[in-house]
>>> print(open('coords-v9.cif').read())   # mmCIF, C-alpha atoms, pLDDT in the B column; chains and numbers go by the auth columns
data_data
loop_
_atom_site.group_PDB
_atom_site.id
_atom_site.type_symbol
_atom_site.label_atom_id
_atom_site.label_comp_id
_atom_site.label_asym_id
_atom_site.label_seq_id
_atom_site.Cartn_x
_atom_site.Cartn_y
_atom_site.Cartn_z
_atom_site.B_iso_or_equiv
_atom_site.auth_seq_id
_atom_site.auth_asym_id
ATOM 1 C CA MET A 1 40.727 38.878 -29.397 50.00 265 A
ATOM 2 C CA THR A 2 37.740 37.204 -27.900 56.00 266 A
ATOM 3 C CA HIS A 3 37.699 36.021 -24.341 57.00 267 A
ATOM 4 C CA HIS A 4 36.088 32.607 -24.031 57.00 268 A
ATOM 5 C CA MET A 5 34.620 31.627 -20.628 53.00 269 A
ATOM 6 C CA ASP A 6 32.864 28.542 -19.485 55.00 270 A
ATOM 7 C CA PRO A 7 29.196 28.982 -20.542 53.00 271 A
ATOM 8 C CA GLY A 8 27.942 27.728 -17.154 57.00 272 A
ATOM 9 C CA SER A 9 29.862 30.288 -15.140 69.00 273 A
ATOM 10 C CA ASN A 10 28.851 33.066 -17.534 85.00 274 A
ATOM 11 C CA TRP A 11 25.151 32.369 -17.050 85.00 275 A
ATOM 12 C CA GLU A 12 25.597 31.969 -13.323 83.00 276 A
ATOM 13 C CA GLY A 13 27.317 35.351 -13.104 85.00 277 A
ATOM 14 C CA LEU A 14 24.589 36.928 -15.185 87.00 278 A
ATOM 15 C CA ILE A 15 21.831 35.535 -12.966 83.00 279 A
ATOM 16 C CA LYS A 16 23.590 36.628 -9.754 81.00 280 A
ATOM 17 C CA THR A 17 24.055 40.117 -11.142 86.00 281 A
ATOM 18 C CA LEU A 18 20.423 40.242 -12.234 85.00 282 A
ATOM 19 C CA LEU A 19 19.196 39.105 -8.805 81.00 283 A
ATOM 20 C CA GLN A 20 21.360 41.707 -7.069 84.00 284 A
ATOM 21 C CA ARG A 21 20.225 44.544 -9.313 89.00 285 A
ATOM 22 C CA LEU A 22 16.558 43.621 -8.984 87.00 286 A
ATOM 23 C CA ASP A 23 17.038 43.168 -5.221 83.00 287 A
ATOM 24 C CA MET A 24 15.631 39.648 -5.314 83.00 288 A
ATOM 25 C CA PRO A 25 16.571 37.208 -2.543 81.00 289 A
ATOM 26 C CA THR A 26 18.655 34.156 -3.323 79.00 290 A
ATOM 27 C CA LYS A 27 18.070 30.667 -1.963 80.00 291 A
ATOM 28 C CA GLU A 28 20.760 31.294 0.683 84.00 292 A
ATOM 29 C CA ASP A 29 18.995 34.493 1.763 85.00 293 A
ATOM 30 C CA ILE A 30 15.683 32.671 2.127 85.00 294 A
ATOM 31 C CA ASN A 31 17.264 29.817 4.109 85.00 295 A
ATOM 32 C CA HIS A 32 18.939 32.349 6.392 88.00 296 A
ATOM 33 C CA LEU A 33 15.611 34.103 6.980 87.00 297 A
ATOM 34 C CA HIS A 34 13.871 30.784 7.762 86.00 298 A
ATOM 35 C CA ALA A 35 16.523 29.973 10.356 87.00 299 A
ATOM 36 C CA ARG A 36 16.100 33.382 11.981 90.00 300 A
ATOM 37 C CA LEU A 37 12.308 33.039 11.981 86.00 301 A
ATOM 38 C CA ASP A 38 12.569 29.648 13.684 86.00 302 A
ATOM 39 C CA THR A 39 14.795 31.184 16.360 87.00 303 A
ATOM 40 C CA LEU A 40 12.368 34.078 16.888 87.00 304 A
ATOM 41 C CA GLU A 41 9.373 31.738 17.146 85.00 305 A
ATOM 42 C CA LEU A 42 11.153 29.713 19.824 85.00 306 A
ATOM 43 C CA LEU A 43 11.949 32.882 21.782 85.00 307 A
ATOM 44 C CA ILE A 44 8.361 34.117 21.535 84.00 308 A
ATOM 45 C CA GLN A 45 7.041 30.759 22.658 81.00 309 A
ATOM 46 C CA GLN A 46 9.307 30.791 25.707 81.00 310 A
ATOM 47 C CA LYS A 47 8.253 34.321 26.702 76.00 311 A
ATOM 48 C CA GLN A 48 4.485 33.808 26.461 71.00 312 A
ATOM 49 C CA PRO A 49 2.749 33.001 29.730 66.00 313 A
ATOM 50 C CA GLY A 50 1.002 29.668 29.809 59.00 314 A
ATOM 51 C CA THR A 51 3.109 28.074 27.105 53.00 315 A
ATOM 52 C CA LYS A 52 5.322 26.315 29.614 57.00 316 A
ATOM 53 C CA ARG A 53 3.910 23.029 30.673 61.00 317 A
ATOM 54 C CA GLU A 54 3.389 23.385 34.374 64.00 318 A
ATOM 55 C CA PRO A 55 2.184 20.439 36.366 68.00 319 A
ATOM 56 C CA ARG A 56 -1.569 20.544 36.534 71.00 320 A
ATOM 57 C CA LYS A 57 -3.122 21.097 39.876 76.00 321 A
ATOM 58 C CA LYS A 58 -5.711 18.568 40.753 77.00 322 A
ATOM 59 C CA THR A 59 -9.058 20.247 40.611 78.00 323 A
ATOM 60 C CA VAL A 60 -12.144 18.927 42.194 79.00 324 A
ATOM 61 C CA ARG A 61 -14.634 18.280 39.454 81.00 325 A
ATOM 62 C CA ARG A 62 -18.226 18.751 40.226 85.00 326 A
ATOM 63 C CA LYS A 63 -20.507 15.948 39.294 88.00 327 A
ATOM 64 C CA SER A 64 -23.114 16.553 36.669 92.00 328 A
ATOM 65 C CA ALA A 65 -26.688 16.954 37.825 94.00 329 A
ATOM 66 C CA SER A 66 -27.605 13.705 36.072 95.00 330 A
ATOM 67 C CA SER A 67 -24.904 11.750 37.888 94.00 331 A
ATOM 68 C CA VAL A 68 -26.015 13.213 41.232 94.00 332 A
ATOM 69 C CA VAL A 69 -29.599 12.097 40.610 96.00 333 A
ATOM 70 C CA LEU A 70 -28.490 8.686 39.322 96.00 334 A
ATOM 71 C CA GLU A 71 -26.330 8.060 42.403 95.00 335 A
ATOM 72 C CA LEU A 72 -29.196 9.080 44.679 95.00 336 A
ATOM 73 C CA ILE A 73 -31.634 6.729 42.939 96.00 337 A
ATOM 74 C CA ALA A 74 -29.032 3.930 43.120 96.00 338 A
ATOM 75 C CA ARG A 75 -28.988 4.236 46.928 95.00 339 A
ATOM 76 C CA TYR A 76 -32.587 3.034 47.031 94.00 340 A
ATOM 77 C CA PRO A 77 -32.795 -0.478 45.505 92.00 341 A
ATOM 78 C CA GLU A 78 -36.582 -0.597 45.921 92.00 342 A
ATOM 79 C CA GLY A 79 -37.022 2.827 44.339 94.00 343 A
ATOM 80 C CA VAL A 80 -37.232 6.412 45.506 96.00 344 A
ATOM 81 C CA ASP A 81 -40.002 8.930 44.996 95.00 345 A
ATOM 82 C CA PHE A 82 -39.771 12.239 43.187 96.00 346 A
ATOM 83 C CA LYS A 83 -40.257 14.351 46.333 95.00 347 A
ATOM 84 C CA THR A 84 -37.340 12.656 48.094 95.00 348 A
ATOM 85 C CA ILE A 85 -35.092 13.183 45.072 95.00 349 A
ATOM 86 C CA MET A 86 -36.135 16.829 44.862 95.00 350 A
ATOM 87 C CA LYS A 87 -35.649 17.411 48.593 96.00 351 A
ATOM 88 C CA THR A 88 -32.237 15.680 48.702 95.00 352 A
ATOM 89 C CA THR A 89 -30.737 17.246 45.567 94.00 353 A
ATOM 90 C CA GLY A 90 -32.303 20.678 45.904 94.00 354 A
ATOM 91 C CA PHE A 91 -32.990 20.799 42.171 95.00 355 A
ATOM 92 C CA GLU A 92 -36.025 22.632 40.862 95.00 356 A
ATOM 93 C CA ASP A 93 -39.044 20.676 39.633 95.00 357 A
ATOM 94 C CA LYS A 94 -38.465 21.354 35.906 96.00 358 A
ATOM 95 C CA LYS A 95 -34.754 20.534 36.029 95.00 359 A
ATOM 96 C CA LEU A 96 -35.359 17.309 37.929 96.00 360 A
ATOM 97 C CA ARG A 97 -38.102 16.195 35.553 96.00 361 A
ATOM 98 C CA ASN A 98 -35.788 16.757 32.589 96.00 362 A
ATOM 99 C CA ILE A 99 -32.998 14.780 34.255 96.00 363 A
ATOM 100 C CA ILE A 100 -35.325 11.877 35.091 96.00 364 A
ATOM 101 C CA TYR A 101 -36.710 11.881 31.552 95.00 365 A
ATOM 102 C CA ARG A 102 -33.167 11.803 30.117 94.00 366 A
ATOM 103 C CA LEU A 103 -32.020 9.006 32.449 95.00 367 A
ATOM 104 C CA ASP A 104 -35.130 6.999 31.600 94.00 368 A
ATOM 105 C CA SER A 105 -34.555 7.537 27.862 94.00 369 A
ATOM 106 C CA LEU A 106 -30.959 6.357 28.220 94.00 370 A
ATOM 107 C CA GLY A 107 -32.158 3.244 30.017 94.00 371 A
ATOM 108 C CA LYS A 108 -30.335 4.012 33.263 95.00 372 A
ATOM 109 C CA ILE A 109 -33.437 4.127 35.460 95.00 373 A
ATOM 110 C CA GLU A 110 -36.917 2.736 35.300 94.00 374 A
ATOM 111 C CA ARG A 111 -40.236 3.814 36.711 94.00 375 A
ATOM 112 C CA VAL A 112 -41.429 1.569 39.571 93.00 376 A
ATOM 113 C CA ARG A 113 -44.759 3.338 39.890 93.00 377 A
ATOM 114 C CA ARG A 114 -45.995 6.860 39.327 92.00 378 A
ATOM 115 C CA GLY A 115 -43.389 9.248 40.760 91.00 379 A
ATOM 116 C CA SER A 116 -41.038 6.498 41.949 94.00 380 A
ATOM 117 C CA TYR A 117 -37.835 5.390 40.179 95.00 381 A
ATOM 118 C CA LYS A 118 -35.014 2.873 40.566 95.00 382 A
ATOM 119 C CA THR A 119 -31.834 2.033 38.706 93.00 383 A
ATOM 120 C CA ILE A 120 -31.735 -0.779 36.207 88.00 384 A
#
>>> encode(input="coords-v9.cif", output="C-alpha cells")
Amino acid sequence: MTHHMDPGSNWEGLIKTLLQRLDMPTKEDINHLHARLDTLELLIQQKQPGTKREPRKKTVRRKSASSVVLELIARYPEGVDFKTIMKTTGFEDKKLRNIIYRLDSLGKIERVRRGSYKTI
C-alpha cells in the first residue's frame, strides 16, 4: 500500500527538514533577527551621548578677519590708510596685505590712492 500525499506539502516538509539539518535560517528567522537588530540599534542610539537633540546654546561667532577689515574700511567713506587699518585691527603687515588684496580682487574695496582704500 502506497501512501499518497499532496506533492506541495511533501516538498515543503522536505525543504524544512533540509534547512533544519543544515542549520540554515528560514525567512521567519531572518525577519525575527532584523526586528531584534532594529530594537538594539534604537537602544544604542538612546544611550550614546550627544545623540539626543539638545537645544543649541547660542554661541558668539567671531567675525572673519576679512569682515573686520571690510567693516573698518566702510566706516571711512573717503577712504582709510593702511597704517590706520593695521593699528585699529592689530593684524600683522602680511596678513593685512593679503586681506586687502583678496577684498580688492572680490571687488569689495577699491584703492583711492597708494595705501588708502574705501568700499565700493
>>> closest_residue(input="coords-v9.cif", among="A:Leu278, A:Ile384, A:Leu367, A:Leu283", to="Ser330 (chain A)", atoms="all atoms listed in the file")
A:Leu367
>>> closest_residue(input="coords-v9.cif", among="A:Thr323, A:Gly343, A:Leu334, A:Leu301", to="Tyr365 (chain A)", atoms="only C-alpha atoms")
A:Leu334
>>> atom_distance(input="coords-v9.cif", atom1="CA of Pro341 (chain A)", atom2="CA of Arg325 (chain A)")
26.8 Å
>>> residues_around(input="coords-v9.cif", residues="region 354-360 of chain A", least_positions_apart="2", cutoff="12 Å", atoms="all atoms listed in the file", output="PyMOL selection string")
chain A and resi 329-334+345-352+362-367+379
>>> write_last_selection(input="coords-v9.cif", atoms="C-alpha atoms", output="PDB file, in the coordinates of the input")
ATOM      1  CA  ALA A 329     -26.688  16.954  37.825  1.00 94.00           C
ATOM      2  CA  SER A 330     -27.605  13.705  36.072  1.00 95.00           C
ATOM      3  CA  SER A 331     -24.904  11.750  37.888  1.00 94.00           C
ATOM      4  CA  VAL A 332     -26.015  13.213  41.232  1.00 94.00           C
ATOM      5  CA  VAL A 333     -29.599  12.097  40.610  1.00 96.00           C
ATOM      6  CA  LEU A 334     -28.490   8.686  39.322  1.00 96.00           C
ATOM      7  CA  ASP A 345     -40.002   8.930  44.996  1.00 95.00           C
ATOM      8  CA  PHE A 346     -39.771  12.239  43.187  1.00 96.00           C
ATOM      9  CA  LYS A 347     -40.257  14.351  46.333  1.00 95.00           C
ATOM     10  CA  THR A 348     -37.340  12.656  48.094  1.00 95.00           C
ATOM     11  CA  ILE A 349     -35.092  13.183  45.072  1.00 95.00           C
ATOM     12  CA  MET A 350     -36.135  16.829  44.862  1.00 95.00           C
ATOM     13  CA  LYS A 351     -35.649  17.411  48.593  1.00 96.00           C
ATOM     14  CA  THR A 352     -32.237  15.680  48.702  1.00 95.00           C
ATOM     15  CA  ASN A 362     -35.788  16.757  32.589  1.00 96.00           C
ATOM     16  CA  ILE A 363     -32.998  14.780  34.255  1.00 96.00           C
ATOM     17  CA  ILE A 364     -35.325  11.877  35.091  1.00 96.00           C
ATOM     18  CA  TYR A 365     -36.710  11.881  31.552  1.00 95.00           C
ATOM     19  CA  ARG A 366     -33.167  11.803  30.117  1.00 94.00           C
ATOM     20  CA  LEU A 367     -32.020   9.006  32.449  1.00 95.00           C
ATOM     21  CA  GLY A 379     -43.389   9.248  40.760  1.00 91.00           C
TER      22      GLY A 379
END
>>> atom_distance(input="coords-v9.cif", atom1="CA of Lys291 (chain A)", atom2="CA of Gln310 (chain A)")
29.0 Å
>>> atom_distance(input="coords-v9.cif", atom1="CA of Val324 (chain A)", atom2="CA of Tyr340 (chain A)")
26.3 Å
>>> closest_residue(input="coords-v9.cif", among="A:Leu307, A:Val376, A:Ile294, A:Leu370", to="Glu342 (chain A)", atoms="all atoms listed in the file")
A:Val376
